[in-house]
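> I'm passing along run26.txt; it holds compact mmCIF, C-alpha atoms.
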```txt
# COMPACT_ATOMS: atom_id res chain seq x y z
CA MET A 20 0.00 0.00 0.00
CA TRP A 21 1.00 3.59 -0.68
CA LYS A 22 -0.31 6.37 1.56
CA TRP A 23 -1.67 9.26 -0.52
CA LYS A 24 -3.40 12.22 1.17
CA GLN A 25 -4.02 10.01 4.22
CA HIS A 26 -5.68 7.34 2.06
CA ASN A 27 -4.48 3.82 1.26
CA ILE A 28 -3.68 3.21 -2.39
CA HIS A 29 -3.18 -0.36 -3.52
CA TYR A 30 -0.71 -1.14 -6.26
CA ILE A 31 1.23 -4.03 -7.75
CA ARG A 32 4.88 -3.94 -8.76
CA GLU A 33 6.88 -6.48 -10.73
CA THR A 34 10.47 -5.93 -11.81
CA PRO A 35 12.83 -7.58 -14.29
CA ARG A 36 15.85 -9.53 -13.09
CA THR A 37 18.23 -6.91 -14.41
CA SER A 38 17.72 -3.17 -14.18
CA ASP A 39 18.68 -0.73 -16.92
CA ASP A 40 17.73 2.67 -18.30
CA LYS A 41 14.36 1.59 -19.71
CA PRO A 42 11.33 3.58 -18.60
CA ALA A 43 8.86 2.12 -16.12
CA ILE A 44 5.38 1.03 -17.22
CA LEU A 45 2.35 2.24 -15.27
CA LEU A 46 -0.94 0.45 -15.97
CA VAL A 47 -4.13 2.40 -15.22
CA HIS A 48 -7.47 0.57 -15.20
CA GLY A 49 -10.91 1.78 -16.26
CA PHE A 50 -14.27 2.50 -14.63
CA GLY A 51 -15.44 -0.10 -12.11
CA SER A 52 -12.22 -2.07 -12.43
CA SER A 53 -8.86 -2.35 -10.67
CA SER A 54 -5.23 -3.36 -11.11
CA TYR A 55 -6.47 -6.95 -11.37
CA HIS A 56 -7.60 -6.17 -14.91
CA TRP A 57 -3.93 -6.29 -15.94
CA ARG A 58 -3.50 -9.84 -14.60
CA TYR A 59 -2.29 -11.25 -17.94
CA ASN A 60 -0.01 -8.34 -18.82
CA ILE A 61 2.03 -7.52 -15.72
CA LEU A 62 4.34 -10.53 -15.61
CA GLN A 63 4.92 -10.58 -19.37
CA LEU A 64 5.89 -6.90 -19.46
CA ALA A 65 7.98 -7.29 -16.31
CA ILE A 66 10.37 -9.62 -18.11
CA TYR A 67 11.81 -6.47 -19.66
CA TYR A 68 10.40 -3.48 -17.74
CA ASP A 69 9.71 -2.23 -14.24
CA VAL A 70 5.91 -2.56 -14.16
CA TYR A 71 3.37 -0.95 -11.83
CA ALA A 72 -0.42 -1.34 -11.79
CA ILE A 73 -2.38 0.99 -9.52
CA ASP A 74 -5.89 1.00 -8.06
CA LEU A 75 -7.28 4.49 -8.55
CA ILE A 76 -8.74 6.05 -5.43
CA GLY A 77 -12.39 4.99 -5.17
CA PHE A 78 -11.77 1.69 -6.96
CA GLY A 79 -10.44 -1.78 -6.25
CA LYS A 80 -8.56 -2.23 -2.98
CA SER A 81 -7.82 1.49 -2.60
CA SER A 82 -9.65 3.70 -0.10
CA LYS A 83 -13.04 5.12 -1.01
CA PRO A 84 -13.29 8.47 0.80
CA LEU A 85 -16.20 10.84 0.24
CA GLU A 86 -14.39 13.03 -2.28
CA ASN A 87 -15.42 14.85 -5.43
CA TYR A 88 -14.21 12.32 -7.99
CA HIS A 89 -13.00 13.60 -11.32
CA ILE A 90 -10.33 13.02 -13.94
CA SER A 91 -8.20 15.72 -12.30
CA LEU A 92 -8.23 13.86 -8.94
CA TRP A 93 -7.04 10.62 -10.53
CA THR A 94 -4.51 12.50 -12.66
CA ASN A 95 -3.02 14.10 -9.55
CA GLN A 96 -2.90 10.68 -7.88
CA THR A 97 -1.17 9.20 -10.92
CA LEU A 98 1.42 11.96 -11.15
CA ASP A 99 2.16 11.86 -7.42
CA PHE A 100 2.62 8.09 -7.74
CA ILE A 101 5.04 8.52 -10.64
CA GLU A 102 7.02 11.16 -8.75
CA ASN A 103 7.08 9.56 -5.29
CA VAL A 104 6.91 5.81 -5.92
CA ILE A 105 8.22 5.12 -9.42
CA GLY A 106 10.65 8.04 -9.51
CA LYS A 107 11.77 7.75 -13.13
CA ASN A 108 10.56 8.15 -16.70
CA THR A 109 7.32 6.26 -17.22
CA ILE A 110 5.06 5.08 -20.02
CA VAL A 111 1.42 5.35 -18.90
CA VAL A 112 -0.94 2.71 -20.29
CA GLY A 113 -4.66 3.33 -19.80
CA ASN A 114 -7.75 1.28 -20.60
CA SER A 115 -11.14 2.99 -20.87
CA LEU A 116 -11.28 5.73 -18.20
CA GLY A 117 -7.57 5.11 -17.62
CA GLY A 118 -6.91 6.45 -21.12
CA SER A 119 -8.15 9.92 -20.17
CA ILE A 120 -5.93 9.82 -17.10
CA ALA A 121 -2.96 8.77 -19.22
CA LEU A 122 -3.53 11.70 -21.58
CA GLN A 123 -3.96 14.22 -18.78
CA SER A 124 -0.80 12.88 -17.11
CA SER A 125 1.23 13.16 -20.31
CA LEU A 126 2.05 16.83 -19.73
CA HIS A 127 4.42 15.86 -16.90
CA ASP A 128 8.13 15.68 -17.71
CA LEU A 129 8.46 12.14 -16.28
CA VAL A 130 5.77 10.77 -18.60
CA GLU A 131 7.66 9.59 -21.66
CA GLY A 132 4.68 8.41 -23.70
CA VAL A 133 1.15 7.00 -23.52
CA ILE A 134 -0.64 3.89 -24.69
CA LEU A 135 -4.44 4.09 -24.98
CA ILE A 136 -6.52 0.90 -25.01
CA ASN A 137 -10.17 1.49 -25.98
CA SER A 138 -9.93 4.74 -24.12
CA TYR A 139 -12.80 6.85 -22.85
CA VAL A 140 -12.14 10.33 -24.22
CA LYS A 141 -14.96 12.85 -24.23
CA PHE A 142 -14.91 15.29 -27.11
CA LYS A 143 -17.21 18.27 -27.42
CA ASN A 144 -20.43 17.39 -29.29
CA ASN A 145 -19.25 13.81 -29.66
CA PHE A 146 -20.23 11.77 -26.62
CA PRO A 147 -22.23 8.73 -27.76
CA SER A 148 -21.03 6.28 -25.11
CA PHE A 149 -23.07 7.53 -22.14
CA ILE A 150 -26.62 8.86 -21.90
CA ARG A 151 -26.97 12.13 -20.01
CA VAL A 152 -29.81 11.91 -17.50
CA PRO A 153 -31.31 14.62 -15.25
CA ARG A 154 -29.37 15.00 -12.00
CA PHE A 155 -32.39 14.16 -9.85
CA MET A 156 -32.52 10.72 -11.51
CA ILE A 157 -28.89 9.85 -10.83
CA SER A 158 -29.49 8.68 -7.26
CA ALA A 159 -32.14 6.19 -8.38
CA PHE A 160 -29.93 5.05 -11.26
CA VAL A 161 -26.93 4.54 -8.99
CA ASN A 162 -28.99 2.59 -6.46
CA HIS A 163 -30.20 0.26 -9.21
CA TYR A 164 -26.71 -0.07 -10.71
CA PHE A 165 -25.14 -0.71 -7.30
CA GLN A 166 -27.56 -3.56 -6.62
CA TYR A 167 -26.81 -4.87 -10.10
CA ILE A 168 -23.03 -5.06 -9.54
CA GLN A 169 -23.56 -7.00 -6.32
CA GLU A 170 -25.07 -9.93 -8.22
CA THR A 171 -22.48 -12.35 -9.54
CA GLN A 172 -24.42 -13.56 -12.56
CA LYS A 173 -25.27 -10.04 -13.71
CA ILE A 174 -21.62 -9.01 -13.48
CA LYS A 175 -20.66 -12.05 -15.52
CA ASP A 176 -23.32 -11.31 -18.13
CA THR A 177 -22.10 -7.72 -18.48
CA LEU A 178 -18.47 -8.80 -18.76
CA ARG A 179 -19.28 -11.33 -21.45
CA ASN A 180 -20.91 -8.54 -23.41
CA LEU A 181 -17.64 -6.65 -23.10
CA TYR A 182 -15.66 -9.77 -24.11
CA PRO A 183 -17.52 -10.74 -27.32
CA VAL A 184 -14.62 -12.62 -28.93
CA GLN A 185 -13.49 -14.69 -25.93
CA PRO A 186 -16.30 -14.50 -23.33
CA GLU A 187 -14.72 -17.34 -21.36
CA ARG A 188 -12.05 -14.85 -20.23
CA ALA A 189 -14.73 -13.22 -18.06
CA ASP A 190 -14.15 -15.81 -15.38
CA ASP A 191 -15.10 -16.06 -11.71
CA HIS A 192 -11.83 -14.46 -10.57
CA LEU A 193 -12.53 -11.34 -12.62
CA VAL A 194 -16.11 -11.21 -11.34
CA GLU A 195 -14.86 -11.44 -7.76
CA SER A 196 -12.40 -8.57 -8.32
CA ILE A 197 -15.35 -6.35 -9.27
CA LEU A 198 -17.77 -7.65 -6.66
CA GLN A 199 -15.62 -7.34 -3.53
CA PRO A 200 -14.95 -3.56 -3.66
CA SER A 201 -18.71 -2.93 -3.70
CA TYR A 202 -18.84 -4.00 -0.04
CA ASP A 203 -16.27 -1.38 1.06
CA PRO A 204 -17.39 1.60 3.18
CA ASN A 205 -18.75 4.50 1.08
CA ALA A 206 -18.75 2.39 -2.09
CA GLN A 207 -22.25 3.38 -3.19
CA GLN A 208 -21.81 7.10 -2.49
CA VAL A 209 -18.49 7.09 -4.32
CA LEU A 210 -20.03 5.35 -7.32
CA GLY A 211 -22.79 7.96 -7.46
CA ASN A 212 -20.32 10.81 -7.40
CA ILE A 213 -18.18 9.25 -10.13
CA ILE A 214 -21.14 8.59 -12.44
CA GLU A 215 -22.54 12.10 -11.98
CA ASN A 216 -19.20 13.75 -12.72
CA ILE A 217 -18.61 11.60 -15.80
CA MET A 218 -22.05 12.41 -17.16
CA TYR A 219 -21.69 16.14 -16.49
CA ASP A 220 -18.11 16.62 -17.56
CA SER A 221 -17.74 20.20 -18.80
CA ASP A 222 -17.12 21.33 -22.36
CA GLU A 223 -13.99 23.12 -21.10
CA ASN A 224 -12.48 19.75 -20.20
CA CYS A 225 -13.35 18.44 -23.66
CA VAL A 226 -11.55 21.37 -25.30
CA GLU A 227 -8.53 20.79 -23.04
CA MET A 228 -8.39 17.10 -24.02
CA GLU A 229 -8.51 17.99 -27.71
CA HIS A 230 -5.67 20.46 -27.19
CA ILE A 231 -3.54 17.87 -25.39
CA ILE A 232 -3.96 15.37 -28.23
CA ASN A 233 -3.53 17.95 -30.98
CA THR A 234 -0.24 19.25 -29.53
CA PHE A 235 1.09 15.88 -28.33
CA LYS A 236 4.85 15.52 -28.86
CA LYS A 237 5.59 12.15 -27.25
CA PRO A 238 5.14 8.55 -28.46
CA MET A 239 1.48 7.49 -28.56
CA LEU A 240 -0.03 4.11 -29.34
CA LEU A 241 -3.72 3.28 -29.72
CA ILE A 242 -4.86 -0.32 -29.31
CA TRP A 243 -8.54 -0.57 -30.16
CA GLY A 244 -10.90 -3.53 -29.94
CA THR A 245 -13.24 -3.16 -32.90
CA GLN A 246 -16.05 -5.11 -31.22
CA ASP A 247 -16.36 -2.64 -28.33
CA ALA A 248 -20.04 -2.24 -27.36
CA TRP A 249 -19.32 0.67 -24.99
CA ILE A 250 -16.97 3.09 -26.74
CA SER A 251 -17.28 3.81 -30.44
CA LYS A 252 -14.43 3.34 -32.88
CA GLU A 253 -15.15 6.96 -33.84
CA ILE A 254 -13.27 8.01 -30.70
CA ALA A 255 -10.10 6.30 -31.97
CA GLU A 256 -10.59 7.92 -35.38
CA LYS A 257 -10.99 11.34 -33.74
CA ILE A 258 -7.76 10.87 -31.77
CA VAL A 259 -5.87 9.95 -34.94
CA GLN A 260 -7.42 12.91 -36.74
CA LEU A 261 -6.10 15.22 -34.02
CA HIS A 262 -2.74 13.43 -33.78
CA PRO A 263 -1.90 11.74 -37.12
CA LYS A 264 1.48 10.52 -35.82
CA ALA A 265 -0.17 8.20 -33.29
CA LYS A 266 0.49 4.53 -33.97
CA THR A 267 -2.76 2.57 -34.22
CA LYS A 268 -3.54 -1.13 -33.94
CA PHE A 269 -7.12 -2.32 -34.40
CA VAL A 270 -7.70 -5.78 -32.98
CA ARG A 271 -10.62 -8.18 -32.91
CA ALA A 272 -11.77 -7.77 -29.31
CA GLY A 273 -14.22 -5.88 -27.14
CA HIS A 274 -13.76 -3.10 -24.61
CA CYS A 275 -10.86 -4.67 -22.69
CA PRO A 276 -8.43 -6.23 -25.20
CA GLN A 277 -5.64 -6.46 -22.61
CA ASP A 278 -7.67 -9.06 -20.71
CA GLU A 279 -9.62 -10.65 -23.56
CA ILE A 280 -6.73 -11.21 -25.97
CA PRO A 281 -3.68 -10.56 -23.75
CA GLU A 282 -1.20 -12.49 -25.90
CA THR A 283 -1.91 -10.21 -28.87
CA VAL A 284 -1.90 -7.04 -26.79
CA ASN A 285 1.34 -7.95 -24.99
CA GLU A 286 3.08 -8.48 -28.32
CA ILE A 287 1.84 -5.11 -29.65
CA LEU A 288 2.88 -3.35 -26.43
CA LEU A 289 6.39 -4.80 -26.43
CA GLN A 290 6.95 -4.05 -30.12
CA PHE A 291 5.94 -0.44 -29.60
CA LEU A 292 8.03 -0.04 -26.47
CA VAL A 293 11.16 -1.42 -28.16
CA ARG A 294 10.76 0.84 -31.22
CA GLU A 295 9.53 4.08 -29.67
CA CYS A 296 10.78 4.17 -26.08
```
Just give me the structure of the file as structure tokens.

Amino acid sequence: MWKWKQHNIHYIRETPRTSDDKPAILLVHGFGSSSYHWRYNILQLAIYYDVYAIDLIGFGKSSKPLENYHISLWTNQTLDFIENVIGKNTIVVGNSLGGSIALQSSLHDLVEGVILINSYVKFKNNFPSFIRVPRFMISAFVNHYFQYIQETQKIKDTLRNLYPVQPERADDHLVESILQPSYDPNAQQVLGNIIENIMYDSDENCVEMEHIINTFKKPMLLIWGTQDAWISKEIAEKIVQLHPKAKTKFVRAGHCPQDEIPETVNEILLQFLVREC
């Protein structure tokens, strides 16, 4: 555990047998997930690189204080972790929500590049992945959703929808990694705050994200599962439009290629890291 602002932050670290001047790899999970979602990637990458996987505050085994949860909070957590725990140049890899955090973190001098895996990136006037609902309805929605994620079979059904190519990868261990944090203190209130802030993200933040991508000067790789039922391929196309130098790999997978087809994703990651970093 790492103590951040008086809160416990869970993370995993694996290191290669020999150390050298290679950058570290920081793996950042998505919404409702945790560091466990990198279970098939950590050891393979750690053959060559110093690898970290973190549980964002409010998720996984990390504390769930009653905070105002937003991309900026998780970005600050990520950058403090890079500065105070990793302490050297780092490639930030983000899946889904973790992709936005990777991009926001990329302005820091220690962040050497980013890898985006089916990343949630909200652009102005282009937000098809979530339905905006009136604020007064959010509490009822969160209550229903919270009850939903405490039922094993419903979690498994949702995961299999997100793993359309290899649904068997959505196994009981993955279900348990999602189920257990829902019993932590404040879990439901935290979930409500996160959902509300995602739905009502400001247009100013969208403009900032577009500017970051458009002016990006570091190595960037997109890995995109073309069967994603949650985030449209149009988001990947918009990122490439803003940053034509980004390397792009479309793969046959759903929303979480790193866990659904890890062998393919690990190979793509390592090839990119060797060439670009």
> Quick one: of A:His48, A:Lys173, A:Arg32, A:Lys268, who's nearest to Ser119 (chain A), counting all atoms listed in the file?
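Distance minimum relative to Ser119 (chain A) lands on A:His48.
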> I want to know what sits within 12 Å of Ile44 (chain A), based on only C-alpha atoms, with residues of the same chain fewer than 3 positions away left out; could you give that as a PyMOL selection string?
chain A and resi 31-35+41+47+57+60-73+101+105-113+121+129-134+288-289+292+296
> From the set A:Ser138, A:Gln208, A:Asn216, A:Ser125, which residue has the shortest atom-to-atom contact distance to Leu92 (chain A), counting only C-alpha atoms?
A:Asn216
> Between A:Leu210, A:Ile28, A:Ala265, A:Met228, which residue has the minimum interatomic distance to Leu75 (chain A), considering all atoms listed in the file?
A:Ile28
> CA of Leu261 (chain A) and CA of Gln246 (chain A) are how many Å apart?
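Separation of CA of Leu261 (chain A) and CA of Gln246 (chain A): 22.8 Å.
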> Using all atoms listed in the file, find the one residue out of A:Gly244, A:Asn87, A:Glu256, A:Cys275 that sits nearest to Gly117 (chain A).
A:Cys275
